[in-house]
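Peer 1: Dumping the structure here so I can ask a few things about it.
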Amino acid sequence: MMNDMPFQRLGVNIDHVATVRNARGGAYPDPLRAAKLAEEAGADGITAHLREDRRHISDADIDGLMDVLSVPLNFEMAATEEMQKIALHHKPHAVCLVPEKREERTTEGGLEVAREENRLAHYIAPLREAGCRVSIFIAADMRQIEAAHRIGAEVIELHTGAYCEAIAEGDHVTRDRELAALTDMAAYADGLGLEVHAGHGLTYESVSPIAALPQVKELNIGHFLIGESIFLGLQPAIREMRRLMDEARS
Ligand code: PXP
């Protein structure tokens, strides 16, 4: 069926296949095999976060992904010197800068671009020169969006974590407030010429209103899909997410 909404890509984050593998320190389940299956199931990209502490994805996983993927790799990383070197070595399609705190369980907030504008502008310049699309993971906050635009990022990824948490907690007031902010800021960022992505914590229950935002060109989804694959299998889990995204945009 044709409609006016631009296609929305689904990036599948495979970090937590590596989390399960690392629980035993062996070779399985293999995140590369998951990435290939995700591709076959219709993932438009694969996302992987090489954390400073290597708690899930490893350097060897990134080497392997660069070798085997047919779809683009969205390489998530903290804005450190070590990660910049790795990104410049591999030159992935996209680099998404995320804040990282050693003690956090997952990426808790967006990047404070406004506070670090100068450093980040210098930091992303060589990545852009190397041909990587630089994306910045930020809260739905006008100050951060404007700062991301000023430093020369091409893409922003809006953090949907607070919206998803509100749904999980049945807190409709916060859910509505967060969704309104995501809606407004997606339009605002798009108006500045930034490509808008969104992600973090999305599930079958929470995805539709975000998938329906016309300016959002890509969703990056991981933890829920890997969890759901225990029950459905990875490919059916991904296909159901794809179906919900398409339904929301039809
Ligand atoms: N987008 C970004 C920038 C992230 O850091 C993460 C988590 O690594 C995700 C999307 C995916 O979040 P989740 O695993 O909760 O779906």
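Residue numbering restarts at 1 for every chain of the structure tokens, chains are lettered A, B, ... in their displayed order, and ligands are numbered from 1 as they appear.
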Quick one: DSSP helix (DSSP H, G or I) residues in range 123-221 of chain A, as a ChimeraX atom specification?

Peer 2: /A:123-129,142-151,161-168,172-191,207-211

Peer 1: Taking only C-alpha atoms and all ligand atoms and a cut-off of 7 Å, can you tell me which residues surround ligand 1, written as a list in words?

Peer 2: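 Final answer, ordered by chain and number: Asn13, His49, Glu76, Cys96, Val98, Thr106, Thr107, Phe137, Glu157, Ala198, Gly199, His200, Gly201, Leu202, Asn220, Ile221, Gly222, His223 and Phe224 of chain A.
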
Peer 1: Quick one: residues within 7 Å of Leu120 in chain A, only C-alpha atoms, excluding same-chain residues fewer than 4 positions away - as a VMD selection string?

Peer 2: chain A and resid 116 124 151

Peer 1: I need the residues from that last selection saved to file as an mmCIF file, in the first residue's frame (with N, CA, C and O atoms), if you can.

Peer 2:
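Just written: result_30.cif:
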data_model
loop_
_atom_site.group_PDB
_atom_site.id
_atom_site.type_symbol
_atom_site.label_atom_id
_atom_site.label_comp_id
_atom_site.auth_asym_id
_atom_site.auth_seq_id
_atom_site.Cartn_x
_atom_site.Cartn_y
_atom_site.Cartn_z
ATOM 1 N N GLU A 116 29.320 20.821 25.974
ATOM 2 C CA GLU A 116 30.622 20.375 25.444
ATOM 3 C C GLU A 116 30.772 20.720 23.977
ATOM 4 O O GLU A 116 31.445 20.007 23.234
ATOM 5 N N ILE A 124 34.002 15.469 16.247
ATOM 6 C CA ILE A 124 33.294 14.808 15.140
ATOM 7 C C ILE A 124 33.867 15.161 13.762
ATOM 8 O O ILE A 124 33.614 14.447 12.799
ATOM 9 N N ILE A 151 27.262 21.986 15.944
ATOM 10 C CA ILE A 151 28.571 21.307 15.866
ATOM 11 C C ILE A 151 28.736 20.540 14.553
ATOM 12 O O ILE A 151 29.787 19.987 14.291
#

Peer 1: Could you name the residues that touch Ala212 in chain A at 12 Å or less, counting only C-alpha atoms, but leaving out those on the same chain fewer than 5 positions away, as a ChimeraX atom specification?

Peer 2: /A:4-8,179,182-183,186,198,206-207,217-219,244-250

Peer 1: Go ahead and write the selection's residues with N, CA, C and O atoms as a compact mmCIF listing (two decimals), in the first residue's frame.

Peer 2:
# COMPACT_ATOMS: atom_id res chain seq x y z
N ASP A 4 1.90 8.57 2.13
CA ASP A 4 2.77 9.73 2.01
C ASP A 4 3.93 9.73 3.00
O ASP A 4 4.83 10.55 2.89
N MET A 5 3.85 8.86 3.97
CA MET A 5 4.89 8.87 5.00
C MET A 5 6.17 8.29 4.43
O MET A 5 6.16 7.22 3.82
N PRO A 6 7.30 8.97 4.64
CA PRO A 6 8.56 8.39 4.17
C PRO A 6 8.85 7.09 4.93
O PRO A 6 8.43 6.92 6.07
N PHE A 7 9.56 6.19 4.26
CA PHE A 7 9.90 4.91 4.87
C PHE A 7 10.71 5.14 6.16
O PHE A 7 11.55 6.03 6.22
N GLN A 8 10.43 4.33 7.14
CA GLN A 8 11.18 4.43 8.40
C GLN A 8 12.04 3.18 8.56
O GLN A 8 11.53 2.06 8.50
N LEU A 179 5.81 12.18 25.14
CA LEU A 179 5.46 12.01 23.72
C LEU A 179 5.29 13.37 23.04
O LEU A 179 5.72 13.55 21.90
N LEU A 182 8.75 14.68 22.37
CA LEU A 182 9.37 13.96 21.24
C LEU A 182 8.75 14.42 19.92
O LEU A 182 9.46 14.62 18.92
N THR A 183 7.44 14.60 19.92
CA THR A 183 6.73 15.03 18.70
C THR A 183 7.20 16.42 18.27
O THR A 183 7.55 16.64 17.10
N ALA A 186 11.03 16.41 17.30
CA ALA A 186 11.30 15.74 16.02
C ALA A 186 11.03 16.74 14.88
O ALA A 186 11.82 16.86 13.94
N ALA A 198 15.18 7.76 16.48
CA ALA A 198 14.70 7.65 17.87
C ALA A 198 14.98 6.25 18.37
O ALA A 198 15.05 5.29 17.60
N SER A 206 5.06 0.23 23.10
CA SER A 206 5.38 1.67 23.05
C SER A 206 5.74 2.18 21.66
O SER A 206 5.82 3.38 21.43
N VAL A 207 5.96 1.26 20.70
CA VAL A 207 6.58 1.70 19.44
C VAL A 207 5.66 2.55 18.55
O VAL A 207 6.14 3.47 17.87
N LYS A 217 13.09 9.04 10.86
CA LYS A 217 13.48 8.21 9.71
C LYS A 217 14.02 6.84 10.11
O LYS A 217 14.19 5.97 9.28
N GLU A 218 14.34 6.69 11.39
CA GLU A 218 14.93 5.41 11.81
C GLU A 218 14.66 5.18 13.29
O GLU A 218 14.73 6.12 14.09
N LEU A 219 14.33 3.93 13.62
CA LEU A 219 14.25 3.53 15.03
C LEU A 219 15.35 2.52 15.29
O LEU A 219 15.59 1.64 14.46
N LEU A 244 4.42 -3.53 13.08
CA LEU A 244 3.84 -2.46 13.90
C LEU A 244 4.29 -1.09 13.41
O LEU A 244 3.50 -0.13 13.39
N MET A 245 5.54 -0.99 12.99
CA MET A 245 6.04 0.29 12.46
C MET A 245 5.30 0.66 11.19
O MET A 245 4.87 1.80 11.00
N ASP A 246 5.15 -0.32 10.30
CA ASP A 246 4.46 -0.05 9.03
C ASP A 246 3.00 0.32 9.27
O ASP A 246 2.47 1.25 8.64
N GLU A 247 2.38 -0.40 10.20
CA GLU A 247 0.97 -0.11 10.51
C GLU A 247 0.81 1.31 11.06
O GLU A 247 -0.12 2.03 10.69
N ALA A 248 1.75 1.71 11.91
CA ALA A 248 1.68 3.05 12.51
C ALA A 248 1.83 4.14 11.46
O ALA A 248 1.36 5.26 11.63
N ARG A 249 2.52 3.84 10.37
CA ARG A 249 2.76 4.85 9.33
C ARG A 249 1.79 4.75 8.16
O ARG A 249 1.93 5.52 7.20
N SER A 250 0.86 3.80 8.22
CA SER A 250 -0.03 3.65 7.06
C SER A 250 -1.28 4.52 7.22
O SER A 250 -1.61 4.95 8.31

Peer 1: Nearest to Gly233 in chain A among A:Leu69, A:Ala41, A:Ala130, A:Val216, with distances taken over only C-alpha atoms: which residue is it?

Peer 2: A:Ala41

Peer 1: Might you pull out every residue within 8 Å of range 226-230 of chain A, with only C-alpha atoms counted and same-chain residues fewer than 5 positions away left off, and present them as a PDB file with all heavy atoms, in the first residue's frame?

Peer 2:
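Generated file (selection_15.pdb):
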ATOM      1  N   ILE A  14      22.135  -5.409  18.488  1.00  0.00           N
ATOM      2  CA  ILE A  14      22.440  -6.805  18.872  1.00  0.00           C
ATOM      3  C   ILE A  14      23.296  -6.904  20.143  1.00  0.00           C
ATOM      4  O   ILE A  14      23.796  -7.986  20.477  1.00  0.00           O
ATOM      5  CB  ILE A  14      23.158  -7.527  17.712  1.00  0.00           C
ATOM      6  CG1 ILE A  14      24.384  -6.716  17.280  1.00  0.00           C
ATOM      7  CG2 ILE A  14      22.206  -7.756  16.540  1.00  0.00           C
ATOM      8  CD1 ILE A  14      25.418  -7.526  16.563  1.00  0.00           C
ATOM      9  N   HIS A  16      22.707  -7.209  23.183  1.00  0.00           N
ATOM     10  CA  HIS A  16      22.362  -8.133  24.269  1.00  0.00           C
ATOM     11  C   HIS A  16      22.446  -9.598  23.872  1.00  0.00           C
ATOM     12  O   HIS A  16      22.333 -10.468  24.735  1.00  0.00           O
ATOM     13  CB  HIS A  16      21.037  -7.718  24.902  1.00  0.00           C
ATOM     14  CG  HIS A  16      21.192  -6.358  25.521  1.00  0.00           C
ATOM     15  ND1 HIS A  16      22.082  -6.116  26.543  1.00  0.00           N
ATOM     16  CD2 HIS A  16      20.673  -5.144  25.183  1.00  0.00           C
ATOM     17  CE1 HIS A  16      22.076  -4.823  26.841  1.00  0.00           C
ATOM     18  NE2 HIS A  16      21.230  -4.210  26.021  1.00  0.00           N
ATOM     19  N   VAL A  17      22.715  -9.855  22.600  1.00  0.00           N
ATOM     20  CA  VAL A  17      23.134 -11.219  22.237  1.00  0.00           C
ATOM     21  C   VAL A  17      24.522 -11.429  22.858  1.00  0.00           C
ATOM     22  O   VAL A  17      24.813 -12.486  23.435  1.00  0.00           O
ATOM     23  CB  VAL A  17      23.170 -11.400  20.708  1.00  0.00           C
ATOM     24  CG1 VAL A  17      23.650 -12.795  20.343  1.00  0.00           C
ATOM     25  CG2 VAL A  17      21.798 -11.117  20.106  1.00  0.00           C
ATOM     26  N   GLN A 235      13.820 -13.761  14.246  1.00  0.00           N
ATOM     27  CA  GLN A 235      13.233 -13.213  13.016  1.00  0.00           C
ATOM     28  C   GLN A 235      11.748 -12.878  13.170  1.00  0.00           C
ATOM     29  O   GLN A 235      11.332 -11.773  12.783  1.00  0.00           O
ATOM     30  CB  GLN A 235      13.497 -14.161  11.852  1.00  0.00           C
ATOM     31  CG  GLN A 235      14.998 -14.191  11.519  1.00  0.00           C
ATOM     32  CD  GLN A 235      15.306 -14.933  10.245  1.00  0.00           C
ATOM     33  OE1 GLN A 235      14.680 -15.958   9.948  1.00  0.00           O
ATOM     34  NE2 GLN A 235      16.255 -14.425   9.491  1.00  0.00           N
ATOM     35  N   PRO A 236      10.936 -13.772  13.754  1.00  0.00           N
ATOM     36  CA  PRO A 236       9.534 -13.369  13.976  1.00  0.00           C
ATOM     37  C   PRO A 236       9.420 -12.129  14.883  1.00  0.00           C
ATOM     38  O   PRO A 236       8.542 -11.287  14.671  1.00  0.00           O
ATOM     39  CB  PRO A 236       8.904 -14.600  14.631  1.00  0.00           C
ATOM     40  CG  PRO A 236       9.752 -15.744  14.177  1.00  0.00           C
ATOM     41  CD  PRO A 236      11.143 -15.197  14.063  1.00  0.00           C
ATOM     42  N   ALA A 237      10.300 -12.036  15.872  1.00  0.00           N
ATOM     43  CA  ALA A 237      10.244 -10.870  16.772  1.00  0.00           C
ATOM     44  C   ALA A 237      10.505  -9.579  15.987  1.00  0.00           C
ATOM     45  O   ALA A 237       9.822  -8.563  16.170  1.00  0.00           O
ATOM     46  CB  ALA A 237      11.256 -11.028  17.896  1.00  0.00           C
TER      47      ALA A 237
END

Peer 1: What is the distance, in Å and to one decimal place, between CA of Leu194 in chain A and CA of Ile46 in chain A?

Peer 2: 20.9 Å

Peer 1: What parts of range 138-218 of chain A does DSSP call strand (DSSP E)? I'd like the answer as a short mmCIF file (atom, residue, chain, number, x, y, z; two decimals) with all heavy atoms, in the first residue's frame.

Peer 2:
data_model
loop_
_atom_site.label_atom_id
_atom_site.label_comp_id
_atom_site.auth_asym_id
_atom_site.auth_seq_id
_atom_site.Cartn_x
_atom_site.Cartn_y
_atom_site.Cartn_z
N ILE A 138 20.42 12.33 21.99
CA ILE A 138 20.09 13.42 22.91
C ILE A 138 18.63 13.36 23.39
O ILE A 138 17.79 12.71 22.78
CB ILE A 138 20.31 14.82 22.26
CG1 ILE A 138 19.63 14.90 20.88
CG2 ILE A 138 21.77 15.17 22.17
CD1 ILE A 138 19.77 16.26 20.22
N VAL A 155 22.75 13.93 12.03
CA VAL A 155 21.64 13.15 12.56
C VAL A 155 21.55 13.35 14.06
O VAL A 155 22.57 13.49 14.73
CB VAL A 155 21.90 11.63 12.29
CG1 VAL A 155 20.73 10.79 12.79
CG2 VAL A 155 22.16 11.36 10.81
N ILE A 156 20.32 13.38 14.58
CA ILE A 156 20.15 13.25 16.03
C ILE A 156 19.28 12.03 16.28
O ILE A 156 18.39 11.70 15.48
CB ILE A 156 19.51 14.48 16.70
CG1 ILE A 156 18.15 14.79 16.08
CG2 ILE A 156 20.44 15.68 16.68
CD1 ILE A 156 17.22 15.52 17.02
N GLU A 157 19.56 11.36 17.37
CA GLU A 157 18.67 10.28 17.80
C GLU A 157 18.03 10.71 19.10
O GLU A 157 18.72 11.01 20.08
CB GLU A 157 19.45 8.97 17.98
CG GLU A 157 18.54 7.84 18.44
CD GLU A 157 19.12 6.45 18.25
OE1 GLU A 157 19.92 6.24 17.32
OE2 GLU A 157 18.75 5.57 19.05
N LEU A 158 16.71 10.78 19.09
CA LEU A 158 15.99 11.22 20.29
C LEU A 158 15.84 10.06 21.26
O LEU A 158 15.45 8.95 20.87
CB LEU A 158 14.62 11.78 19.91
CG LEU A 158 14.64 13.08 19.09
CD1 LEU A 158 13.22 13.46 18.65
CD2 LEU A 158 15.26 14.23 19.89
N HIS A 159 16.12 10.32 22.51
CA HIS A 159 16.07 9.30 23.57
C HIS A 159 14.62 9.07 23.98
O HIS A 159 13.96 9.97 24.48
CB HIS A 159 16.89 9.82 24.75
CG HIS A 159 17.29 8.78 25.75
ND1 HIS A 159 16.43 7.85 26.24
CD2 HIS A 159 18.49 8.55 26.33
CE1 HIS A 159 17.08 7.06 27.11
NE2 HIS A 159 18.34 7.47 27.16
N GLU A 195 18.60 14.95 10.28
CA GLU A 195 17.82 13.72 10.14
C GLU A 195 17.52 13.22 11.55
O GLU A 195 18.39 13.22 12.41
CB GLU A 195 18.61 12.67 9.35
CG GLU A 195 17.81 11.39 9.18
CD GLU A 195 18.43 10.42 8.17
OE1 GLU A 195 18.72 10.83 7.03
OE2 GLU A 195 18.61 9.25 8.55
N VAL A 196 16.27 12.81 11.75
CA VAL A 196 15.85 12.45 13.11
C VAL A 196 15.66 10.94 13.24
O VAL A 196 14.94 10.32 12.45
CB VAL A 196 14.53 13.17 13.48
CG1 VAL A 196 14.13 12.84 14.93
CG2 VAL A 196 14.65 14.68 13.28
N HIS A 197 16.33 10.36 14.24
CA HIS A 197 16.14 8.96 14.60
C HIS A 197 15.60 8.93 16.04
O HIS A 197 15.59 9.96 16.72
CB HIS A 197 17.47 8.20 14.55
CG HIS A 197 18.11 8.18 13.20
ND1 HIS A 197 19.34 7.63 12.96
CD2 HIS A 197 17.67 8.65 11.99
CE1 HIS A 197 19.64 7.74 11.67
NE2 HIS A 197 18.65 8.37 11.07
N ALA A 198 15.18 7.76 16.48
CA ALA A 198 14.70 7.65 17.87
C ALA A 198 14.98 6.25 18.37
O ALA A 198 15.05 5.29 17.60
CB ALA A 198 13.21 7.97 17.94
N GLY A 199 15.10 6.12 19.66
CA GLY A 199 15.30 4.80 20.23
C GLY A 199 15.60 4.84 21.70
O GLY A 199 15.87 5.89 22.29
N VAL A 216 10.59 11.05 11.87
CA VAL A 216 11.53 10.06 12.40
C VAL A 216 11.85 9.02 11.32
O VAL A 216 10.99 8.26 10.91
CB VAL A 216 10.98 9.40 13.69
CG1 VAL A 216 11.90 8.28 14.16
CG2 VAL A 216 10.84 10.45 14.79
N LYS A 217 13.09 9.04 10.86
CA LYS A 217 13.48 8.21 9.71
C LYS A 217 14.02 6.84 10.11
O LYS A 217 14.19 5.97 9.28
CB LYS A 217 14.57 8.92 8.89
CG LYS A 217 14.20 10.31 8.39
CD LYS A 217 13.14 10.24 7.31
CE LYS A 217 12.91 11.56 6.60
NZ LYS A 217 12.61 12.71 7.46
N GLU A 218 14.34 6.69 11.39
CA GLU A 218 14.93 5.41 11.81
C GLU A 218 14.66 5.18 13.29
O GLU A 218 14.73 6.12 14.09
CB GLU A 218 16.45 5.47 11.56
CG GLU A 218 17.21 4.23 12.00
CD GLU A 218 18.68 4.30 11.61
OE1 GLU A 218 18.98 4.57 10.42
OE2 GLU A 218 19.53 4.10 12.49
#

Peer 1: Which residues are close to Leu88 in chain A, i.e. within 9 Å by only C-alpha atoms, leaving aside same-chain residues fewer than 4 positions away? Reply as a list in words.

Peer 2: Met83, Gln84, Pro92, Pro126, Leu127, Ala130 and Cys132 of chain A

Peer 1: Could you write out that same residue set with N, CA and C atoms as a tab-separated table (two decimals), in the first residue's frame?

Peer 2:
chain	number	residue	atom	x	y	z
A	83	MET	N	37.71	5.48	21.29
A	83	MET	CA	36.63	5.11	20.38
A	83	MET	C	36.77	5.82	19.03
A	84	GLN	N	37.25	7.04	19.08
A	84	GLN	CA	37.45	7.77	17.82
A	84	GLN	C	38.45	7.02	16.93
A	92	PRO	N	32.67	3.04	9.90
A	92	PRO	CA	31.31	2.50	9.72
A	92	PRO	C	30.41	3.54	9.06
A	126	PRO	N	36.86	14.88	12.25
A	126	PRO	CA	37.56	13.81	11.50
A	126	PRO	C	36.64	12.64	11.15
A	127	LEU	N	35.64	12.39	11.97
A	127	LEU	CA	34.71	11.29	11.67
A	127	LEU	C	33.91	11.63	10.42
A	130	ALA	N	36.00	11.32	7.41
A	130	ALA	CA	36.21	9.91	7.04
A	130	ALA	C	34.97	9.32	6.37
A	132	CYS	N	31.83	9.08	7.81
A	132	CYS	CA	30.82	8.52	8.72
A	132	CYS	C	29.71	9.56	8.91

Peer 1: So, counting only C-alpha atoms, which residue among A:Val134, A:Leu234, A:Ala34, A:Ala181 is closest to Asp61 in chain A?

Peer 2: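 The closest residue to Asp61 in chain A is A:Ala34.
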
Peer 1: Mind giving me the straight-line distance from CA of Ile62 in chain A to CA of Val95 in chain A in Å, one decimal?

Peer 2: 12.5 Å

Peer 1: Measuring between only C-alpha atoms, which one of A:Glu112, A:Asp171, A:Asp190, A:Glu240 shows the shortest distance to Gln144 in chain A?

Peer 2: A:Glu112
